[in-house]
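Below: the structure, in structure tokens.
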Amino acid sequence: MAGLEELAVIVDEAQRAARAIPQLTKDHPDLSVSDAYAIQALSVARRIARGEKRIGVKMGLTSRAKMIQVGVEEAAWGRLTDAMLLEEGGVLKKSAFVHPRLEPEIVFLLKKRLSGKVSALEAMAAVEAVAPAMEVIDSRYENFKFALPDVIADNTSSSGLVIGAWRPPEIDVSNLGMVLSVNGRPKEIGSSAAILGHPLRSLVAAARMSAEWGEALEPGHIVMAGGATAAHPASIGETISLEVQNLGGVSINVE
Ligand code: 0L1
Ligand code: MG
């Protein structure tokens, strides 16, 4: 089997070139989830070495629908860098991605460190602000097809995010209506409750899962809680927007 560093170079280069690659598990059927997280860490370390800054964590596979789709019982996590940030109301250049899809999310901004096993109350006390957000997921694998180790190695498909205005942490985010619209027409409708039953559970899981890899959620970090509906494949000419009950909206134009 190719070494983990070699596989990290493959996924990193695919992301940089916006080029689809075969699933790693095709040639490496024994790739474990643990190998995959090591590949993810190595590939993101290459981005950091090129000057990108870590800004937090994304949680993925947080809805029942996605867990069933990928055949897993637990969420997965990935690493966010500043290069993934897109301007609110700005442009998503489709050619910079392989086959981008947008999904509606809730994002937390932290004011306190969270690491390892924390309670929901501790997690809530660590939140500085909440905001509506859309994540751009862009699997680097051909046809957006992957097994669990593939997608984890590929930084859980993370490739971009657009964040709306920050709101006070007191807003109850447990069951907020979320509408993803395309050119003003509702396309996906859901609730924040689809995110592990409550987005705060996702923050608790992010602290626990990242600590398993020796990392902490630091003050100033953001945590993307996970998709609330199916993701929408972006097409040139679309304005994709999200409206979240009590939180406000966010939008992006696909060119
Ligand atoms: O953020 C997500 O839930 C995506 C995780 C990876 C699976 C996918 O690309 O749909
Ligand atoms: Mg997501």
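Every chain in the structure tokens has a letter given in the order shown (A, B, ...), and although residue numbers restart at 1 in each chain, ligands are simply numbered from 1 in the order shown.
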
Discussion item. At a cut-off of 9 Å and counting only C-alpha atoms and all ligand atoms, what residues surround ligand 2? Please answer as a PyMOL selection string.
Written reply: chain A and resi 58-62+102-105+134-137+156-158+224-228+231

Worksheet entry | Selection near Asp138 (chain A), 7 Å with only C-alpha atoms, sequence-local residues under 4 positions removed, as a PyMOL selection string | chain A and resi 97-101+157-159

Discussion item. Would you pick out the contacts of Ala216 (chain A) at 7 Å or less, using only C-alpha atoms, so that residues sharing its chain but fewer than 3 positions from it are not included, and give the list as number ranges by chain?
Written reply: A: 113-115, 207, 210-211

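If only C-alpha atoms are the atoms counted, then among A:Leu92, A:Val33, A:Leu148, A:Met84 the closest residue to Ile68 (chain A) is A:Leu148.
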
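For the residues A:Gly190, A:Gly249, A:Gly197, A:Gly51, ranking by smallest atom-to-atom distance to Ala230 (chain A) using only C-alpha atoms places A:Gly190 first.
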